[in-house]
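See below for query.tsv, which holds TSV, C-alpha atoms.
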chain	number	residue	atom	x	y	z
A	171	MET	CA	23.04	-31.16	12.94
A	172	SER	CA	23.94	-28.60	15.58
A	173	VAL	CA	21.42	-26.50	17.45
A	174	GLY	CA	22.59	-23.36	15.62
A	175	ALA	CA	22.13	-24.99	12.22
A	176	LYS	CA	18.66	-26.26	13.16
A	177	SER	CA	17.71	-22.77	14.32
A	178	ALA	CA	19.00	-21.24	11.07
A	179	VAL	CA	17.06	-23.75	8.94
A	180	LEU	CA	13.89	-23.21	10.97
A	181	LEU	CA	14.29	-19.44	10.66
A	182	ALA	CA	14.84	-19.68	6.87
A	183	VAL	CA	11.78	-21.94	6.41
A	184	THR	CA	9.65	-19.59	8.53
A	185	LEU	CA	10.84	-16.60	6.51
A	186	ALA	CA	10.10	-18.36	3.20
A	187	LEU	CA	6.61	-19.32	4.38
A	188	GLY	CA	5.97	-15.75	5.51
A	189	VAL	CA	7.02	-14.37	2.13
A	190	LEU	CA	4.79	-16.85	0.28
A	191	ILE	CA	1.80	-16.11	2.51
A	192	GLY	CA	2.41	-12.36	2.10
A	193	LEU	CA	2.55	-12.62	-1.69
A	194	ALA	CA	-0.60	-14.71	-1.82
A	195	GLY	CA	-2.42	-12.31	0.51
A	196	ALA	CA	-1.32	-9.22	-1.45
A	197	GLY	CA	-2.47	-10.78	-4.72
A	198	SER	CA	-5.80	-11.71	-3.21
A	199	LEU	CA	-6.34	-8.21	-1.82
A	200	GLU	CA	-5.41	-6.64	-5.17
A	201	ARG	CA	-7.92	-8.84	-7.05
A	202	GLN	CA	-10.62	-8.02	-4.52
A	203	ARG	CA	-9.89	-4.27	-4.75
A	204	ARG	CA	-9.98	-4.36	-8.55
A	205	GLY	CA	-13.27	-6.22	-8.45
A	206	GLN	CA	-14.82	-3.65	-6.14
A	207	LEU	CA	-13.54	-0.59	-8.00
A	208	GLY	CA	-13.45	-1.93	-11.54
A	209	GLY	CA	-17.12	-1.52	-12.29
A	210	LEU	CA	-17.53	2.03	-11.00
A	211	GLY	CA	-15.76	3.63	-13.98
A	212	ARG	CA	-18.11	2.07	-16.52
A	213	PRO	CA	-21.66	3.29	-17.12
A	214	LEU	CA	-23.23	0.06	-15.88
A	215	GLY	CA	-21.09	0.14	-12.76
A	216	PHE	CA	-22.07	3.74	-12.08
A	217	ALA	CA	-25.74	3.03	-12.75
A	218	ALA	CA	-25.76	-0.06	-10.52
A	219	HIS	CA	-24.01	1.87	-7.76
A	220	MET	CA	-26.47	4.78	-7.98
A	221	GLU	CA	-29.43	2.40	-7.92
A	222	GLU	CA	-27.95	0.69	-4.87
A	223	VAL	CA	-27.47	4.07	-3.16
A	224	ILE	CA	-31.05	5.12	-3.92
A	225	SER	CA	-32.52	1.71	-3.03
A	226	PRO	CA	-35.83	2.09	-4.88
A	227	ARG	CA	-38.83	1.30	-2.67
A	228	ASP	CA	-40.34	-1.05	-5.22
A	229	GLY	CA	-40.10	-2.22	-8.83
A	230	ALA	CA	-42.22	0.65	-10.13
A	231	GLN	CA	-39.93	3.28	-8.64
A	232	GLY	CA	-36.90	1.33	-9.88
A	233	ASP	CA	-38.36	1.33	-13.41
A	234	ARG	CA	-38.71	5.11	-13.24
A	235	VAL	CA	-35.25	5.92	-11.83
A	236	ARG	CA	-33.21	3.56	-14.02
A	237	PRO	CA	-33.59	5.55	-17.28
A	238	ILE	CA	-32.63	8.78	-15.49
A	239	ILE	CA	-29.53	7.15	-14.01
A	240	ALA	CA	-28.65	5.61	-17.39
A	241	ARG	CA	-28.82	9.03	-19.10
A	242	ALA	CA	-26.60	10.51	-16.38
A	243	ALA	CA	-24.11	7.67	-16.84
A	244	GLU	CA	-23.99	8.32	-20.60
A	245	ARG	CA	-23.47	12.07	-20.01
A	246	ASN	CA	-20.73	11.35	-17.48
A	247	GLN	CA	-18.92	9.04	-19.89
A	248	ARG	CA	-19.13	11.64	-22.66
A	249	LEU	CA	-17.80	14.36	-20.32
A	250	ILE	CA	-14.93	12.15	-19.18
A	251	ARG	CA	-14.06	11.24	-22.77
A	252	GLU	CA	-14.10	14.93	-23.81
A	253	ALA	CA	-12.03	15.99	-20.80
A	254	ASN	CA	-9.46	13.27	-21.51
A	255	GLU	CA	-9.23	14.34	-25.16
A	256	SER	CA	-8.78	17.98	-24.12
A	257	LEU	CA	-6.13	16.99	-21.58
A	258	ARG	CA	-4.29	14.95	-24.21
A	259	ARG	CA	-4.29	17.92	-26.64
A	260	SER	CA	-3.05	20.30	-23.93
A	261	ILE	CA	-0.23	17.99	-22.82
A	262	ASP	CA	0.76	17.33	-26.45
A	263	SER	CA	0.87	21.08	-27.09
A	264	MET	CA	3.03	21.64	-24.00
A	265	LYS	CA	5.41	18.86	-25.04
A	266	THR	CA	5.69	20.33	-28.55
A	267	GLU	CA	6.58	23.75	-27.12
A	268	LEU	CA	9.07	22.27	-24.67
A	269	ASP	CA	10.73	19.91	-27.19
A	270	PRO	CA	13.37	22.35	-28.51
A	271	LEU	CA	14.32	23.34	-24.95
A	272	LEU	CA	14.82	19.82	-23.55
A	273	ASP	CA	17.58	17.28	-23.96
A	274	GLU	CA	16.82	13.63	-24.68
A	275	SER	CA	16.89	12.61	-21.01
A	276	GLN	CA	14.45	15.38	-20.07
A	277	ARG	CA	12.12	14.40	-22.94
A	278	ARG	CA	12.19	10.80	-21.75
A	279	HIS	CA	11.38	11.87	-18.16
A	280	LEU	CA	8.52	14.05	-19.42
A	281	ASP	CA	7.15	11.20	-21.54
A	282	ASP	CA	7.35	8.84	-18.55
A	283	ALA	CA	5.61	11.34	-16.26
A	284	THR	CA	2.76	12.04	-18.70
A	285	ARG	CA	2.21	8.48	-19.92
A	286	GLY	CA	-0.14	7.65	-17.02
A	287	PHE	CA	-2.40	10.65	-17.57
A	288	PRO	CA	-5.94	9.76	-18.70
A	289	GLY	CA	-6.15	9.65	-22.47
A	290	LEU	CA	-2.37	9.72	-22.95
A	291	GLY	CA	-1.34	6.09	-23.04
A	292	PRO	CA	-1.07	2.87	-21.06
A	293	MET	CA	-2.15	3.25	-17.48
A	294	GLY	CA	0.05	0.79	-15.69
A	295	ARG	CA	-1.01	-1.70	-13.01
A	296	GLY	CA	-4.45	-1.15	-11.58
A	297	GLY	CA	-5.48	1.26	-14.28
A	298	ARG	CA	-4.32	4.41	-12.61
A	299	GLY	CA	-0.75	4.77	-13.77
A	300	GLY	CA	2.51	3.75	-12.18
A	301	ARG	CA	2.18	1.76	-8.97
A	302	GLY	CA	-1.60	1.91	-8.90
A	303	GLY	CA	-1.74	5.68	-8.43
A	304	PRO	CA	-1.04	8.87	-10.30
A	305	PRO	CA	2.49	9.93	-11.19
A	306	SER	CA	4.44	11.58	-8.38
A	307	PHE	CA	5.01	14.82	-10.36
A	308	GLY	CA	8.23	15.24	-8.42
A	309	PRO	CA	11.66	15.76	-9.95
A	310	PRO	CA	13.18	12.79	-11.75
A	311	PRO	CA	15.08	10.52	-9.34
A	312	ASP	CA	18.48	11.26	-10.92
A	313	ARG	CA	18.28	14.99	-10.10
A	314	PRO	CA	18.03	16.78	-6.76
A	315	PRO	CA	14.87	18.76	-6.07
A	316	PRO	CA	15.04	22.47	-7.00
A	317	ASP	CA	15.75	25.00	-4.23
For the file at hand, write its structure as structure tokens.
Amino acid sequence: MSVGAKSAVLLAVTLALGVLIGLAGAGSLERQRRGQLGGLGRPLGFAAHMEEVISPRDGAQGDRVRPIIARAAERNQRLIREANESLRRSIDSMKTELDPLLDESQRRHLDDATRGFPGLGPMGRGGRGGRGGPPSFGPPPDRPPPD
């Protein structure tokens, strides 16, 4: 095998190893991030976080603050649920009004853009729509931006 061929094989093996290590590292970081953030959206996660922030001095103080935090967590969940339901109704109303004005492609783009909104459908990877974040709200990729 010539020196050039050996170099090419070594380079290809190094590249493949780098890709594999990168994929494994990205997956590991994603799992760790989900574990850290996953519990904060649920009442128990919120309550545990608030108790950790407060750091009760002793068990007696902890016993007194826990019910207050639990009630706040329940209120927060109710408010979030109500806001999501209101958002869903508003977006549905907008889509109903827009429907006669849009062609099929525009309706599809609108559906895709609103699917990741809270209360409107599947949230995509990571629970926040799309690529782990909110929709871009920009123009669809097949059209230039407006002037």
Do a neighbour search on A:Arg278 at 12 Å with all atoms listed in the file, toss out local chain neighbours closer than 5 positions, and write the hits as a list in words.
-> Lys265, Asp269, Leu272, Asp273, Ala283, Thr284, Arg285 and Pro310 of chain A
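As for atom CA of A:Glu252 and atom CA of A:Gly286, they are spaced 17.1 Å apart.
In this model, the gap between atom CA of A:Arg251 and atom CA of A:Ala217 comes to 17.4 Å.
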Go ahead and compute the interatomic distance for atom CA of A:Gly215 and atom CA of A:Arg236, in Å to one decimal.
-> 12.7 Å
When distances are computed from all atoms listed in the file, which of A:Leu181, A:Leu187, A:Ile261, A:Met220 shows the smallest separation from A:Ala240?
->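 The closest residue to A:Ala240 is A:Met220.
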So which one's closest to A:Ile238, A:Glu255, A:Glu221, A:Thr184, A:Ile250? Using only C-alpha atoms, please.
-> A:Glu221
